[in-house]
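Trainee: Got a file for you: upload37.txt, compact mmCIF, C-alpha atoms.
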```txt
# COMPACT_ATOMS: atom_id res chain seq x y z
CA MET H 1 -13.09 27.67 -11.12
CA VAL H 2 -11.01 26.20 -13.88
CA ASN H 3 -10.96 29.14 -16.25
CA ASN H 4 -7.37 29.94 -15.38
CA ILE H 5 -6.09 26.80 -17.12
CA ARG H 6 -3.85 27.92 -19.97
CA PRO H 7 -3.27 25.94 -23.16
CA ARG H 8 0.39 25.53 -22.28
CA ASP H 9 -0.19 23.61 -19.07
CA ASN H 10 -0.04 20.04 -20.31
CA ILE H 11 1.08 20.84 -23.84
CA TYR H 12 2.03 17.27 -24.60
CA GLY H 13 -0.88 15.79 -22.69
CA MET H 14 0.46 12.28 -22.68
CA ASN H 15 2.11 11.02 -19.56
CA PRO H 16 5.36 9.29 -20.62
CA ARG H 17 4.76 6.74 -17.85
CA ASN H 18 1.34 6.00 -19.32
CA PRO H 19 2.00 5.46 -23.05
CA MET H 20 -1.14 3.37 -23.54
CA ASN H 21 -3.25 6.44 -22.76
CA VAL H 22 -5.16 4.85 -19.94
CA PRO H 23 -7.14 7.77 -18.55
CA ASN H 24 -5.15 9.03 -15.61
CA MET H 25 -6.14 11.18 -12.71
CA THR H 26 -4.42 14.35 -13.86
CA ASN H 27 -6.53 17.46 -13.43
CA CYS H 28 -6.17 18.43 -17.09
CA VAL H 29 -9.43 19.96 -18.32
CA SER H 30 -9.65 19.63 -22.11
CA GLN H 31 -11.60 22.83 -22.72
CA GLU H 32 -12.20 26.36 -21.53
CA MET H 33 -15.04 26.23 -19.00
CA VAL H 34 -15.82 29.94 -18.62
CA ILE H 35 -15.81 32.47 -21.46
CA GLU H 36 -15.19 36.02 -20.28
CA ASN H 37 -16.26 39.33 -21.85
CA VAL H 38 -18.99 37.70 -23.89
CA ARG H 39 -20.59 40.14 -26.29
CA LEU H 40 -23.98 40.00 -27.92
CA ALA H 41 -24.25 39.23 -31.65
CA ALA H 42 -21.04 37.19 -31.72
CA ALA H 43 -20.39 33.43 -31.93
CA TYR H 44 -18.23 31.65 -29.35
CA VAL H 45 -16.70 28.18 -29.43
CA PRO H 46 -14.80 27.26 -26.26
CA TYR H 47 -11.03 26.85 -26.65
CA GLN H 48 -9.82 23.26 -26.53
CA PHE H 49 -6.77 22.45 -24.38
CA MET H 50 -4.45 19.52 -24.98
CA CYS H 51 -4.88 16.63 -22.52
CA GLU H 52 -5.10 12.99 -23.56
CA LEU H 53 -4.50 11.78 -27.11
CA PHE H 54 -5.48 8.60 -28.93
CA ASN H 55 -2.47 6.65 -30.21
CA PRO H 56 -1.78 7.31 -33.92
CA VAL H 57 -3.44 4.13 -35.24
CA GLU H 58 -6.58 4.75 -33.23
CA ALA H 59 -6.56 8.42 -34.22
CA LEU H 60 -6.46 7.50 -37.94
CA ALA H 61 -9.33 5.03 -37.51
CA LYS H 62 -11.47 7.54 -35.62
CA GLY H 63 -10.64 10.69 -37.62
CA THR H 64 -9.30 12.63 -34.62
CA ALA H 65 -6.51 12.33 -32.05
CA PHE H 66 -8.65 14.05 -29.41
CA PRO H 67 -11.05 11.89 -27.34
CA GLU H 68 -13.10 14.96 -26.40
CA LEU H 69 -13.73 15.81 -30.09
CA TYR H 70 -14.64 12.27 -31.18
CA SER H 71 -18.38 12.18 -31.85
CA PRO H 72 -19.27 9.12 -33.93
CA TYR H 73 -22.42 9.20 -36.06
CA ASP H 74 -25.03 6.55 -35.32
CA GLY H 75 -26.44 6.67 -38.86
CA LYS H 76 -29.81 7.99 -37.74
CA SER H 77 -31.50 11.12 -38.98
CA ARG H 78 -31.35 14.19 -36.73
CA ASN H 79 -34.74 15.27 -37.95
CA ARG H 80 -37.23 13.62 -35.59
CA ALA H 81 -40.01 13.77 -38.17
CA GLN H 82 -38.17 11.27 -40.36
CA MET P 1 3.89 26.32 -52.03
CA TRP P 2 2.89 22.76 -51.40
CA SER P 3 4.52 19.41 -51.02
CA TYR P 4 2.74 16.22 -52.01
CA ASP P 5 2.76 12.81 -50.37
CA LYS P 6 1.81 10.01 -52.74
CA ILE P 7 -0.51 8.40 -50.23
CA LEU P 8 -4.17 8.89 -49.31
CA GLN P 9 -4.93 10.51 -45.96
CA TYR P 10 -7.10 7.47 -45.13
CA PRO P 11 -6.92 4.14 -46.98
CA ILE P 12 -9.68 3.40 -49.53
CA ARG P 13 -10.14 -0.11 -50.89
CA ILE P 14 -13.65 -0.57 -52.29
CA LYS P 15 -14.07 -4.12 -53.62
CA ASN P 16 -17.61 -3.97 -55.01
CA PRO P 17 -18.55 -1.50 -57.76
CA ASN P 18 -21.63 0.63 -57.10
CA PRO P 19 -22.25 3.23 -59.83
CA ALA P 20 -25.36 4.56 -58.09
CA MET P 21 -23.37 5.36 -54.95
CA ALA P 22 -20.61 6.90 -57.11
CA THR P 23 -23.00 9.45 -58.60
CA LEU P 24 -24.10 10.43 -55.06
CA ILE P 25 -20.63 10.66 -53.50
CA ILE P 26 -19.49 12.80 -56.46
CA SER P 27 -21.29 15.68 -54.71
CA GLN P 28 -18.55 15.81 -52.08
CA TYR P 29 -16.06 16.13 -54.96
CA GLY P 30 -17.56 19.03 -56.90
CA GLY P 31 -20.93 19.74 -55.29
CA PRO P 32 -22.09 22.82 -53.34
CA ASP P 33 -20.72 21.63 -49.97
CA GLY P 34 -17.91 19.49 -51.39
CA GLU P 35 -14.19 19.34 -50.73
CA LEU P 36 -13.14 21.31 -53.84
CA GLY P 37 -15.29 24.25 -52.78
CA ALA P 38 -14.02 23.93 -49.20
CA SER P 39 -10.34 24.04 -50.17
CA LEU P 40 -10.85 26.96 -52.62
CA ARG P 41 -12.84 28.86 -50.01
CA TYR P 42 -10.19 28.54 -47.28
CA LEU P 43 -7.13 28.92 -49.49
CA SER P 44 -8.61 32.07 -51.09
CA GLN P 45 -9.71 33.63 -47.79
CA ARG P 46 -6.16 33.46 -46.44
CA PHE P 47 -4.95 36.60 -48.21
CA THR P 48 -7.19 38.98 -46.26
CA MET P 49 -7.31 37.02 -42.99
CA ILE P 50 -5.83 38.58 -39.82
CA THR P 51 -3.89 37.05 -36.89
CA PRO P 52 -1.22 34.42 -37.54
CA GLU P 53 -3.36 31.70 -35.91
CA ALA P 54 -6.36 32.26 -38.18
CA ILE P 55 -4.18 32.50 -41.32
CA ALA P 56 -2.44 29.23 -40.40
CA THR P 57 -5.79 27.56 -39.70
CA LEU P 58 -6.99 28.46 -43.22
CA SER P 59 -3.75 27.19 -44.79
CA ASP P 60 -3.80 23.90 -42.89
CA ILE P 61 -7.48 23.11 -43.31
CA GLY P 62 -7.51 24.28 -46.95
CA THR P 63 -4.63 21.89 -47.60
CA GLU P 64 -6.33 19.02 -45.78
CA GLU P 65 -9.49 19.58 -47.86
CA LEU P 66 -7.35 18.90 -50.97
CA ALA P 67 -6.39 15.57 -49.39
CA HIS P 68 -10.10 14.92 -48.83
CA LEU P 69 -10.80 15.81 -52.48
CA GLU P 70 -8.33 13.12 -53.44
CA MET P 71 -10.04 10.61 -51.13
CA VAL P 72 -13.51 11.36 -52.50
CA GLY P 73 -12.22 11.15 -56.08
CA THR P 74 -10.66 7.78 -55.28
CA MET P 75 -13.97 6.53 -53.88
CA VAL P 76 -15.88 7.60 -57.01
CA TYR P 77 -13.24 6.01 -59.24
CA GLN P 78 -13.24 2.70 -57.37
CA LEU P 79 -17.06 2.56 -57.33
CA MET P 80 -17.20 3.02 -61.14
CA LYS P 81 -14.04 1.19 -62.20
CA ASN P 82 -15.23 -2.40 -62.56
CA ALA P 83 -18.88 -1.74 -63.30
CA THR P 84 -20.15 -2.88 -66.71
CA VAL P 85 -22.02 -0.42 -68.92
CA GLU P 86 -25.15 -2.47 -68.28
CA GLU P 87 -24.70 -2.18 -64.51
CA ILE P 88 -24.06 1.57 -64.83
CA GLU P 89 -27.24 2.02 -66.86
CA LYS P 90 -29.31 -0.13 -64.52
CA ALA P 91 -28.02 1.81 -61.51
CA GLY P 92 -29.35 5.05 -62.98
CA ALA P 93 -25.84 6.37 -63.65
CA GLY P 94 -26.35 6.41 -67.45
CA ALA P 95 -26.59 10.21 -67.58
CA TYR P 96 -23.24 10.54 -65.82
CA PHE P 97 -21.70 7.85 -68.06
CA THR P 98 -22.90 9.69 -71.17
CA ASP P 99 -20.98 12.84 -70.26
CA HIS P 100 -18.02 11.50 -68.27
CA GLY P 101 -17.68 7.75 -68.75
CA ARG P 102 -15.95 6.32 -65.71
CA GLY P 103 -14.05 9.57 -65.17
CA VAL P 104 -14.25 11.67 -62.04
CA TYR P 105 -15.84 15.03 -62.90
CA PRO P 106 -16.46 17.79 -60.34
CA GLN P 107 -20.23 18.06 -60.23
CA SER P 108 -23.05 17.84 -57.70
CA ALA P 109 -25.13 14.67 -57.25
CA ALA P 110 -27.85 16.35 -59.31
CA GLY P 111 -25.39 16.98 -62.17
CA THR P 112 -24.61 20.70 -61.76
CA PRO P 113 -20.95 21.27 -62.71
CA PHE P 114 -18.70 22.65 -59.97
CA THR P 115 -19.39 26.31 -59.32
CA ALA P 116 -17.74 28.88 -57.06
CA ALA P 117 -21.22 30.36 -56.58
CA ALA P 118 -21.63 28.10 -53.53
CA LEU P 119 -18.68 29.64 -51.69
CA GLN P 120 -17.80 33.13 -50.54
CA VAL P 121 -14.62 35.12 -49.96
CA LYS P 122 -15.75 38.37 -48.37
CA GLY P 123 -12.43 39.91 -47.31
CA ASP P 124 -13.77 40.47 -43.77
CA PRO P 125 -12.23 38.08 -41.24
CA ILE P 126 -15.35 37.65 -39.07
CA VAL P 127 -17.60 37.16 -42.10
CA ASP P 128 -15.23 34.60 -43.64
CA LEU P 129 -14.71 32.55 -40.46
CA THR P 130 -18.44 32.50 -39.76
CA GLU P 131 -19.03 31.27 -43.32
CA ASN P 132 -16.51 28.50 -42.66
CA LEU P 133 -18.31 27.35 -39.52
CA ALA P 134 -21.46 26.99 -41.62
CA ALA P 135 -19.53 25.26 -44.42
CA GLU P 136 -18.18 22.60 -42.04
CA GLN P 137 -21.69 21.88 -40.76
CA LYS P 138 -23.05 21.61 -44.33
CA ALA P 139 -20.31 19.13 -45.21
CA ARG P 140 -20.99 17.13 -42.03
CA GLY P 141 -24.68 17.02 -42.92
CA THR P 142 -23.89 15.83 -46.46
CA TYR P 143 -21.64 13.04 -45.15
CA GLU P 144 -24.40 11.92 -42.78
CA TYR P 145 -26.90 11.71 -45.65
CA LEU P 146 -24.37 9.71 -47.69
CA ILE P 147 -23.73 7.37 -44.73
CA GLN P 148 -27.51 6.83 -44.43
CA MET P 149 -27.62 5.77 -48.11
CA ALA P 150 -24.47 3.59 -48.07
CA ASP P 151 -24.52 -0.11 -47.21
CA ASP P 152 -20.91 -1.17 -47.88
CA PRO P 153 -18.45 -0.88 -44.95
CA ASP P 154 -15.67 -0.14 -47.50
CA VAL P 155 -17.62 3.02 -48.35
CA ILE P 156 -19.02 3.85 -44.91
CA GLU P 157 -15.68 3.84 -43.05
CA PRO P 158 -13.97 6.56 -45.18
CA LEU P 159 -17.21 8.58 -45.10
CA LYS P 160 -17.22 8.39 -41.29
CA PHE P 161 -13.59 9.50 -41.21
CA LEU P 162 -14.36 12.49 -43.45
CA ARG P 163 -17.41 13.37 -41.35
CA GLU P 164 -15.34 13.40 -38.15
CA ARG P 165 -12.79 15.72 -39.80
CA GLU P 166 -15.61 18.24 -40.39
CA VAL P 167 -16.34 18.18 -36.64
CA VAL P 168 -12.68 18.84 -35.81
CA HIS P 169 -12.46 21.64 -38.40
CA TYR P 170 -15.52 23.32 -36.90
CA GLN P 171 -13.73 23.45 -33.53
CA ARG P 172 -10.59 24.91 -35.12
CA PHE P 173 -12.48 27.60 -37.04
CA GLY P 174 -14.35 28.44 -33.84
CA GLU P 175 -11.02 28.91 -32.05
CA ALA P 176 -9.72 31.03 -34.97
CA LEU P 177 -12.84 33.21 -34.72
CA ARG P 178 -12.21 33.71 -31.00
CA LYS P 179 -8.63 34.83 -31.71
CA VAL P 180 -9.83 37.29 -34.35
CA GLN P 181 -12.63 38.67 -32.15
CA ASP P 182 -10.22 39.11 -29.21
CA TYR P 183 -7.67 40.81 -31.46
CA LEU P 184 -10.22 43.25 -32.87
CA GLN P 185 -11.44 44.15 -29.36
CA GLU P 186 -7.95 44.74 -27.94
CA PRO P 187 -7.29 48.40 -27.18
CA ARG P 188 -4.24 49.43 -29.22
CA LEU P 189 -1.83 52.24 -28.54
CA PHE P 190 -0.25 53.90 -31.55
CA ILE P 191 2.98 55.83 -30.98
CA MET P 192 3.76 58.41 -33.67
CA PRO P 193 7.49 59.18 -34.05
CA LYS P 194 8.34 62.87 -33.95
CA PRO P 195 8.52 64.09 -37.55
CA GLU P 196 12.00 64.93 -38.84
CA PHE P 197 11.28 68.59 -39.62
CA MET P 198 10.52 69.28 -35.95
CA ASN P 199 13.99 68.28 -34.77
CA ASN P 200 15.53 71.74 -35.27
CA ARG P 201 13.01 73.59 -33.16
```
Rewrite the structure of this file - the entire thing - as structure tokens.

Mentor:
Amino acid sequence: MVNNIRPRDNIYGMNPRNPMNVPNMTNCVSQEMVIENVRLAAAYVPYQFMCELFNPVEALAKGTAFPELYSPYDGKSRNRAQ
Amino acid sequence: MWSYDKILQYPIRIKNPNPAMATLIISQYGGPDGELGASLRYLSQRFTMITPEAIATLSDIGTEELAHLEMVGTMVYQLMKNATVEEIEKAGAGAYFTDHGRGVYPQSAAGTPFTAAALQVKGDPIVDLTENLAAEQKARGTYEYLIQMADDPDVIEPLKFLREREVVHYQRFGEALRKVQDYLQEPRLFIMPKPEFMNNR
């Protein structure tokens, strides 16, 4: 189980020996995997934890520094009827 | 209190005028799901928000929405700037030109002036953060419709940037909501100090 990963493990995410952000084999999980004490009639978004980052130029071009949050739009409608 | 950097959050250099596109993009300036409404919503909700994390999230995102307002305004301006009156009329932007010339006026694509009726400040932290989750999705949807109608990469790239920011903001408001929900569920122990008048007994 990985639900005991705290946000502070890996706070800077980037490995100083790996400045180009080549995905490394660290066991950093970028989000909460298990939500505890879930109640009915409430909304839950999993917490994100800091792991890898895009470099600043790439982050500006993409609109986010976080690879796990980058979700480019393909320009197609989400409504299948259209 | 704010400080201002005289630079856009993301560069905008639109070479070809397109008045028709300008009168569509204007909706993200002063329309129902636009950046002006977003920043006013978040910056006004701050006063009654709870937990330092959620208050800071509203301040930061509300401020960034002002930077997005500036970006959208710049796009509208550049799309109208070098268009001739004839081109504006032909593009179907004559109604906008009649009232606002080549100025940037906060209105929806359909011409409704900016209204706070499209946003809510309820004074209840769960209500407000849930509203914000919906607001980010509405803005993302609007940017996707605009991207579908745009054909100039100079226009599409900033729109894609702004759309991605809505995705990131949704995650942050979701995390703020978690903090607030956890805080409200925490059992709290209140210790009452012994009243002064009981000291002599």

Trainee: I need the residue nearest chain P from this list: H:Glu36, H:Asn79, H:Leu53, H:Gly63. Use all atoms listed in the file for the distance.

Mentor: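 Once distances to chain P are computed over all atoms listed in the file, the minimum belongs to H:Gly63.
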
Trainee: Could you give me, as a tab-separated table, every chain H residue with an atom at most 6 Å from chain P, plus its closest atom pair and distance in Å to one decimal, counting all atoms listed in the file, rows ordered by chain then number?

Mentor:
```
residue	atom	partner	partner_atom	distance
H:Val45	CA	P:Gly174	CA	5.0
H:Tyr47	CA	P:Glu175	CA	5.8
H:Gly63	CA	P:Phe161	CA	4.8
H:Gly75	CA	P:Gln148	CA	5.7
```

Trainee: Enter the distance from CA of Met71 in chain P to CA of Tyr29 in chain P, in Å, rounded to one decimal.

Mentor: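 CA of Tyr29 in chain P lies 9.0 Å from CA of Met71 in chain P.
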
Trainee: Write out as a list of chain:residue names each polymer residue whose atoms come within 10 Å of Met75 in chain P, counting all atoms listed in the file; drop sequence neighbours fewer than 2 positions from it.

Mentor: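 The residues that qualify are P:Ile12, P:Arg13, P:Ile14, P:Met21, P:Ala22, P:Ile25, P:Ile26, P:Tyr29, P:Leu69, P:Glu70, P:Met71, P:Val72, P:Gly73, P:Tyr77, P:Gln78, P:Leu79, P:Met80, P:Lys81, P:Val104, P:Asp154, P:Val155, P:Pro158, P:Leu159.
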
Trainee: Just the number, please: distance in Å from CA of Leu184 in chain P to CA of Gln45 in chain P, one decimal.

Mentor: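 CA of Gln45 in chain P lies at a distance of 17.8 Å from CA of Leu184 in chain P.
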